[in-house]
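Data file: start-v3.pdb. Format and content: PDB, C-alpha atoms.
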ATOM      1  CA  MET A   1       0.000   0.000   0.000
ATOM      2  CA  ASP A   2       1.447   3.402  -0.955
ATOM      3  CA  GLU A   3       2.293   6.043   1.661
ATOM      4  CA  SER A   4      -0.539   8.399   0.695
ATOM      5  CA  LEU A   5      -3.121   5.676   1.273
ATOM      6  CA  LYS A   6      -1.519   4.724   4.590
ATOM      7  CA  GLU A   7      -1.758   8.349   5.673
ATOM      8  CA  LYS A   8      -5.416   8.517   4.658
ATOM      9  CA  VAL A   9      -6.229   5.456   6.729
ATOM     10  CA  ARG A  10      -4.257   6.791   9.708
ATOM     11  CA  ARG A  11      -6.080  10.129   9.626
ATOM     12  CA  ALA A  12      -9.487   8.493   9.295
ATOM     13  CA  ARG A  13      -8.846   6.105  12.186
ATOM     14  CA  SER A  14      -7.622   8.902  14.460
ATOM     15  CA  SER A  15     -10.654  11.084  13.824
ATOM     16  CA  GLY A  16     -12.569   9.985  16.906
ATOM     17  CA  PHE A  17     -14.925   7.320  15.556
ATOM     18  CA  ASP A  18     -15.683   4.765  18.274
ATOM     19  CA  LEU A  19     -16.964   1.273  17.629
ATOM     20  CA  PRO A  20     -19.687  -0.156  19.866
ATOM     21  CA  LYS A  21     -18.071  -1.806  22.895
ATOM     22  CA  GLU A  22     -19.098  -5.290  21.735
ATOM     23  CA  ILE A  23     -17.319  -4.902  18.379
ATOM     24  CA  THR A  24     -13.574  -4.944  17.756
ATOM     25  CA  SER A  25     -11.453  -4.524  14.646
ATOM     26  CA  ALA A  26      -8.087  -5.905  13.611
ATOM     27  CA  LYS A  27      -5.859  -5.092  10.656
ATOM     28  CA  GLU A  28      -5.172  -7.872   8.170
ATOM     29  CA  ILE A  29      -2.713  -7.833   5.280
ATOM     30  CA  LEU A  30      -4.217  -9.675   2.325
ATOM     31  CA  PRO A  31      -2.221 -12.045   0.072
ATOM     32  CA  ASP A  32      -2.145  -9.353  -2.645
ATOM     33  CA  GLY A  33      -0.551  -6.876  -0.215
ATOM     34  CA  ASN A  34      -3.651  -4.737   0.249
ATOM     35  CA  MET A  35      -5.086  -3.987   3.663
ATOM     36  CA  ALA A  36      -8.352  -4.998   5.289
ATOM     37  CA  TYR A  37      -9.929  -4.313   8.655
ATOM     38  CA  VAL A  38     -11.757  -7.321  10.088
ATOM     39  CA  PHE A  39     -14.646  -6.592  12.457
ATOM     40  CA  SER A  40     -15.783  -9.093  15.093
ATOM     41  CA  HIS A  41     -18.646  -9.207  17.587
ATOM     42  CA  ASP A  42     -18.094 -10.554  21.097
ATOM     43  CA  SER A  43     -20.949 -13.061  20.771
ATOM     44  CA  LEU A  44     -21.538 -13.436  17.006
ATOM     45  CA  GLY A  45     -17.899 -13.782  15.959
ATOM     46  CA  GLN A  46     -16.618 -12.283  12.712
ATOM     47  CA  LEU A  47     -19.035  -9.811  11.125
ATOM     48  CA  GLY A  48     -17.182  -8.709   8.009
ATOM     49  CA  ARG A  49     -14.276  -6.734   6.675
ATOM     50  CA  LEU A  50     -13.517  -3.387   5.077
ATOM     51  CA  ILE A  51     -11.005  -3.604   2.227
ATOM     52  CA  ILE A  52      -9.093  -0.512   1.113
ATOM     53  CA  LEU A  53      -7.631  -0.621  -2.381
ATOM     54  CA  PRO A  54      -5.304   1.912  -4.043
ATOM     55  CA  HIS A  55      -6.338   3.298  -7.427
ATOM     56  CA  PRO A  56      -4.224   4.779 -10.259
ATOM     57  CA  SER A  57      -6.198   8.034  -9.965
ATOM     58  CA  GLY A  58      -4.652   8.633  -6.546
ATOM     59  CA  GLN A  59      -8.012   8.078  -4.876
ATOM     60  CA  SER A  60      -8.853   4.879  -3.051
ATOM     61  CA  GLN A  61     -11.582   2.321  -3.544
ATOM     62  CA  ILE A  62     -13.323   0.808  -0.544
ATOM     63  CA  ASN A  63     -14.980  -2.588  -0.656
ATOM     64  CA  TYR A  64     -16.820  -4.196   2.213
ATOM     65  CA  GLU A  65     -17.935  -7.758   2.808
ATOM     66  CA  VAL A  66     -20.290  -9.328   5.307
ATOM     67  CA  SER A  67     -19.059 -12.678   6.604
ATOM     68  CA  GLY A  68     -21.085 -15.825   6.083
ATOM     69  CA  SER A  69     -23.129 -17.719   3.539
ATOM     70  CA  PRO A  70     -26.061 -15.847   1.957
ATOM     71  CA  ASP A  71     -28.254 -18.789   3.004
ATOM     72  CA  ASP A  72     -27.235 -18.574   6.663
ATOM     73  CA  PRO A  73     -30.020 -16.836   8.657
ATOM     74  CA  LEU A  74     -27.399 -15.209  10.891
ATOM     75  CA  THR A  75     -25.810 -13.480   7.890
ATOM     76  CA  GLN A  76     -28.789 -11.120   7.832
ATOM     77  CA  LYS A  77     -28.181 -10.305  11.492
ATOM     78  CA  ARG A  78     -24.483  -9.673  10.803
ATOM     79  CA  THR A  79     -25.483  -7.437   7.892
ATOM     80  CA  GLU A  80     -27.853  -5.388  10.044
ATOM     81  CA  ILE A  81     -25.130  -4.826  12.642
ATOM     82  CA  ILE A  82     -22.069  -4.163  10.505
ATOM     83  CA  THR A  83     -23.398  -2.373   7.396
ATOM     84  CA  PRO A  84     -24.322   0.875   9.235
ATOM     85  CA  ILE A  85     -20.863   0.843  10.841
ATOM     86  CA  PHE A  86     -19.170   0.370   7.474
ATOM     87  CA  LYS A  87     -21.183   3.233   6.002
ATOM     88  CA  LYS A  88     -20.376   5.518   8.938
ATOM     89  CA  ILE A  89     -16.659   4.790   8.613
ATOM     90  CA  ILE A  90     -16.758   5.394   4.854
ATOM     91  CA  ASP A  91     -18.709   8.652   5.277
ATOM     92  CA  GLN A  92     -16.192   9.823   7.858
ATOM     93  CA  MET A  93     -13.269   8.994   5.578
ATOM     94  CA  ASP A  94     -14.941  10.970   2.792
ATOM     95  CA  ALA A  95     -15.536  13.938   5.103
ATOM     96  CA  ILE A  96     -11.905  14.013   6.198
ATOM     97  CA  LEU A  97     -10.178  13.079   2.977
ATOM     98  CA  GLY A  98     -12.557  14.283   0.305
ATOM     99  CA  THR A  99     -15.076  12.146  -1.522
ATOM    100  CA  SER A 100     -13.450   9.443  -3.601
ATOM    101  CA  ASP A 101     -14.248   9.247  -7.277
ATOM    102  CA  GLN A 102     -14.186   5.466  -6.934
ATOM    103  CA  PRO A 103     -17.477   3.869  -5.867
ATOM    104  CA  VAL A 104     -17.855   1.989  -2.621
ATOM    105  CA  GLN A 105     -18.447  -1.644  -3.433
ATOM    106  CA  SER A 106     -20.159  -4.236  -1.294
ATOM    107  CA  GLY A 107     -18.832  -7.570  -2.410
ATOM    108  CA  PRO A 108     -20.345 -11.010  -1.940
ATOM    109  CA  THR A 109     -20.241 -12.476   1.520
ATOM    110  CA  SER A 110     -16.778 -13.782   2.219
ATOM    111  CA  LYS A 111     -16.204 -17.542   2.250
ATOM    112  CA  LYS A 112     -12.770 -17.949   3.711
ATOM    113  CA  THR A 113     -11.838 -21.614   3.830
ATOM    114  CA  ASN A 114     -10.587 -22.822   7.187
ATOM    115  CA  LYS A 115      -9.762 -26.275   8.427
ATOM    116  CA  ILE A 116     -12.067 -27.075  11.322
ATOM    117  CA  LYS A 117     -11.175 -29.995  13.560
ATOM    118  CA  SER A 118     -14.025 -32.489  13.560
ATOM    119  CA  MET A 119     -15.039 -35.980  14.635
ATOM    120  CA  ILE A 120     -17.562 -38.290  12.962
ATOM    121  CA  PHE A 121     -19.444 -40.891  15.003
ATOM    122  CA  PRO A 122     -20.333 -44.041  12.963
ATOM    123  CA  CYS A 123     -23.219 -46.464  13.337
ATOM    124  CA  ASP A 124     -22.170 -49.594  15.250
ATOM    125  CA  ASP A 125     -23.763 -51.830  12.598
ATOM    126  CA  CYS A 126     -23.437 -50.223   9.152
ATOM    127  CA  ASN A 127     -20.620 -47.744   9.874
ATOM    128  CA  ALA A 128     -22.579 -44.856   8.313
ATOM    129  CA  PRO A 129     -22.070 -41.412   9.896
ATOM    130  CA  VAL A 130     -24.671 -40.722  12.582
ATOM    131  CA  ALA A 131     -23.316 -37.620  14.343
ATOM    132  CA  MET A 132     -20.611 -34.994  13.968
ATOM    133  CA  LEU A 133     -18.637 -32.883  16.416
ATOM    134  CA  LEU A 134     -16.902 -29.673  15.335
ATOM    135  CA  TYR A 135     -14.353 -28.043  17.600
ATOM    136  CA  ALA A 136     -14.006 -24.331  18.346
ATOM    137  CA  GLU A 137     -10.732 -22.807  19.519
ATOM    138  CA  SER A 138     -12.123 -21.352  22.748
ATOM    139  CA  ASN A 139     -15.126 -21.495  25.057
ATOM    140  CA  THR A 140     -16.641 -18.234  23.869
ATOM    141  CA  ASN A 141     -19.822 -17.522  21.963
ATOM    142  CA  ALA A 142     -17.779 -15.754  19.282
ATOM    143  CA  ALA A 143     -15.531 -18.779  18.672
ATOM    144  CA  ILE A 144     -18.543 -21.103  18.510
ATOM    145  CA  GLU A 145     -20.356 -18.800  16.070
ATOM    146  CA  ASP A 146     -17.267 -18.505  13.855
ATOM    147  CA  VAL A 147     -17.257 -22.289  13.379
ATOM    148  CA  ALA A 148     -21.009 -22.283  12.705
ATOM    149  CA  ARG A 149     -20.531 -19.587  10.055
ATOM    150  CA  LEU A 150     -17.600 -21.313   8.356
ATOM    151  CA  MET A 151     -19.302 -24.725   8.278
ATOM    152  CA  PHE A 152     -22.832 -23.611   7.401
ATOM    153  CA  ASP A 153     -22.704 -24.700   3.745
ATOM    154  CA  ASN A 154     -21.321 -28.147   4.654
ATOM    155  CA  LEU A 155     -23.801 -29.207   7.321
ATOM    156  CA  ASP A 156     -26.570 -30.263   4.945
ATOM    157  CA  LYS A 157     -24.081 -32.282   2.880
ATOM    158  CA  VAL A 158     -23.194 -34.487   5.838
ATOM    159  CA  ASP A 159     -26.801 -34.296   7.107
ATOM    160  CA  VAL A 160     -26.345 -35.851  10.539
ATOM    161  CA  PRO A 161     -26.937 -34.269  13.956
ATOM    162  CA  ALA A 162     -24.031 -31.883  14.528
ATOM    163  CA  TRP A 163     -22.670 -30.004  17.521
ATOM    164  CA  ILE A 164     -19.928 -27.411  17.922
ATOM    165  CA  MET A 165     -17.954 -27.620  21.149
ATOM    166  CA  GLY A 166     -15.255 -25.542  22.758
ATOM    167  CA  PRO A 167     -12.175 -26.885  24.585
ATOM    168  CA  GLU A 168     -12.934 -29.440  27.269
ATOM    169  CA  GLU A 169     -12.659 -28.600  30.964
ATOM    170  CA  LYS A 170     -12.423 -31.282  33.641
ATOM    171  CA  ILE A 171     -15.239 -31.447  36.189
ATOM    172  CA  VAL A 172     -16.326 -33.678  39.061
ATOM    173  CA  GLU A 173     -20.018 -34.350  39.679
ATOM    174  CA  GLU A 174     -21.134 -36.545  42.568
ATOM    175  CA  GLY A 175     -17.703 -38.124  42.742
ATOM    176  CA  ARG A 176     -17.571 -38.836  38.991
ATOM    177  CA  GLU A 177     -14.920 -37.270  36.784
ATOM    178  CA  GLY A 178     -16.074 -35.843  33.490
ATOM    179  CA  ILE A 179     -15.683 -32.896  31.140
ATOM    180  CA  GLN A 180     -17.730 -29.872  30.171
ATOM    181  CA  SER A 181     -17.582 -27.317  27.387
ATOM    182  CA  LEU A 182     -19.596 -24.635  25.675
ATOM    183  CA  SER A 183     -21.735 -26.220  22.963
ATOM    184  CA  LEU A 184     -24.082 -25.358  20.121
ATOM    185  CA  LYS A 185     -26.239 -27.901  18.314
ATOM    186  CA  VAL A 186     -26.319 -26.600  14.742
ATOM    187  CA  TRP A 187     -27.985 -29.382  12.727
ATOM    188  CA  PRO A 188     -30.674 -30.322  11.844
ATOM    189  CA  ILE A 189     -32.276 -27.662  14.064
ATOM    190  CA  ARG A 190     -30.166 -24.920  15.556
ATOM    191  CA  GLU A 191     -30.428 -24.562  19.323
ATOM    192  CA  GLU A 192     -29.029 -22.068  21.836
ATOM    193  CA  ILE A 193     -25.395 -22.008  22.934
ATOM    194  CA  LYS A 194     -25.065 -23.588  26.367
ATOM    195  CA  THR A 195     -22.638 -25.460  28.603
ATOM    196  CA  VAL A 196     -22.942 -29.248  28.397
ATOM    197  CA  THR A 197     -21.204 -32.096  30.189
ATOM    198  CA  SER A 198     -19.962 -35.504  29.107
ATOM    199  CA  PHE A 199     -22.631 -37.007  31.374
ATOM    200  CA  GLU A 200     -25.274 -35.425  29.118
ATOM    201  CA  MET A 201     -23.655 -35.951  25.723
ATOM    202  CA  HIS A 202     -22.234 -39.479  25.900
ATOM    203  CA  PRO A 203     -25.705 -41.099  26.151
ATOM    204  CA  VAL A 204     -26.846 -39.043  23.144
ATOM    205  CA  PHE A 205     -23.968 -40.260  20.972
ATOM    206  CA  LEU A 206     -24.317 -43.860  22.183
ATOM    207  CA  ASP A 207     -28.021 -43.839  21.302
ATOM    208  CA  LEU A 208     -27.320 -42.535  17.795
ATOM    209  CA  MET A 209     -24.553 -45.090  17.210
ATOM    210  CA  GLN A 210     -26.437 -48.085  18.595
ATOM    211  CA  ASN A 211     -29.928 -47.398  17.243
ATOM    212  CA  HIS A 212     -29.276 -45.963  13.770
ATOM    213  CA  CYS A 213     -30.018 -49.207  11.897
ATOM    214  CA  LYS A 214     -32.772 -50.248  14.294
ATOM    215  CA  GLN A 215     -34.754 -47.127  13.382
ATOM    216  CA  LYS A 216     -34.817 -47.940   9.650
TER     217      LYS A 216
END

Exercise: express the given structure as structure tokens:
Amino acid sequence: MDESLKEKVRRARSSGFDLPKEITSAKEILPDGNMAYVFSHDSLGQLGRLIILPHPSGQSQINYEVSGSPDDPLTQKRTEIITPIFKKIIDQMDAILGTSDQPVQSGPTSKKTNKIKSMIFPCDDCNAPVAMLLYAESNTNAAIEDVARLMFDNLDKVDVPAWIMGPEEKIVEEGREGIQSLSLKVWPIREEIKTVTSFEMHPVFLDLMQNHCKQK
């Protein structure tokens, strides 16, 4: 990114615009060398990103993307939260730096490919998949929602009951050792994020594995 564009971004960011307390931003250098600002929500995870591109005219072009699949119901919620913020930032940059002659572009929702650790539970009799676990990096709503967003388009392809779980924490209940973690059942019907224990989940997986063929 050239120095004039860096200076424009610096001046716009130092102009006093404050994000809502539940939203944070982080700078990201893209593979092509251009710069993006990634915005995340403390319970919804990544919302989208603002991409600033240099232009031969000396002006800059601003693109913004909302994170998630267009078919994901939560993408609409992300859009409602982040789009007004994007527009406010862009308006403020125009007010400080002069209106760009390059149009603001809202690109398609971003589909960044990430490798998500997962586990498939097979039927005891036919070995067909009967359940899937996806693992988030931390026990936070944001981390859980990021996995749900990234995997949304793949859930119907596997089409088995699926849960997202955060890192396991050891617990003791009534003298029994077990584990607990934050969890979200995402398929076939999405439920609320909640803390679950191995004492709750193991019987669920055993039932799916042992009774899959018996229910045919």

Closest of A:Val130, A:Ala162, A:Leu50, A:Leu150 to Pro70 of chain A - atom-to-atom distances counting all atoms listed in the file: A:Leu150

Residues at most 9 Å from segment 178-187 of chain A, counting all atoms listed in the file, excluding those fewer than 3 positions away in the same chain, as a ChimeraX atom specification? /A:138-141,144-145,148,152,155-156,159-173,190-199

So that I can check the surroundings of Ala128 of chain A, please list as a PyMOL selection string every protein, DNA and RNA residue that reaches within 12 Å of it, counting all atoms listed in the file and ignoring chain neighbours fewer than 5 positions away. chain A and resi 120-123+158-160+208-213

Which residue, A:Ile81, A:Ile89, A:Leu206, A:Val147, has the smallest gap to Asp124 of chain A when you use all atoms listed in the file? A:Leu206

Point (-8.2, -6.7, 12.5) neighbourhood (12 Å, all atoms listed in the file) written as number ranges by chain: A: 23-30, 35-41, 46-51

Write the residues of the selection above to a file with C-alpha atoms, as a PDB file, in the frame of the given file.
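Contents of selection-v4.pdb, freshly written:
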ATOM      1  CA  ILE A  23     -17.319  -4.902  18.379  1.00  0.00           C
ATOM      2  CA  THR A  24     -13.574  -4.944  17.756  1.00  0.00           C
ATOM      3  CA  SER A  25     -11.453  -4.524  14.646  1.00  0.00           C
ATOM      4  CA  ALA A  26      -8.087  -5.905  13.611  1.00  0.00           C
ATOM      5  CA  LYS A  27      -5.859  -5.092  10.656  1.00  0.00           C
ATOM      6  CA  GLU A  28      -5.172  -7.872   8.170  1.00  0.00           C
ATOM      7  CA  ILE A  29      -2.713  -7.833   5.280  1.00  0.00           C
ATOM      8  CA  LEU A  30      -4.217  -9.675   2.325  1.00  0.00           C
ATOM      9  CA  MET A  35      -5.086  -3.987   3.663  1.00  0.00           C
ATOM     10  CA  ALA A  36      -8.352  -4.998   5.289  1.00  0.00           C
ATOM     11  CA  TYR A  37      -9.929  -4.313   8.655  1.00  0.00           C
ATOM     12  CA  VAL A  38     -11.757  -7.321  10.088  1.00  0.00           C
ATOM     13  CA  PHE A  39     -14.646  -6.592  12.457  1.00  0.00           C
ATOM     14  CA  SER A  40     -15.783  -9.093  15.093  1.00  0.00           C
ATOM     15  CA  HIS A  41     -18.646  -9.207  17.587  1.00  0.00           C
ATOM     16  CA  GLN A  46     -16.618 -12.283  12.712  1.00  0.00           C
ATOM     17  CA  LEU A  47     -19.035  -9.811  11.125  1.00  0.00           C
ATOM     18  CA  GLY A  48     -17.182  -8.709   8.009  1.00  0.00           C
ATOM     19  CA  ARG A  49     -14.276  -6.734   6.675  1.00  0.00           C
ATOM     20  CA  LEU A  50     -13.517  -3.387   5.077  1.00  0.00           C
ATOM     21  CA  ILE A  51     -11.005  -3.604   2.227  1.00  0.00           C
TER      22      ILE A  51
END

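Atom pair atom CA of Arg149 of chain A / atom CA of Leu74 of chain A has a distance of 8.2 Å (rounded to one decimal).
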
Atom CA of Phe205 of chain A to atom CA of Ile189 of chain A: how many Å, to one decimal? 16.6 Å

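Between atom CA of Lys214 of chain A and atom CA of Pro188 of chain A lies a distance of 20.2 Å.
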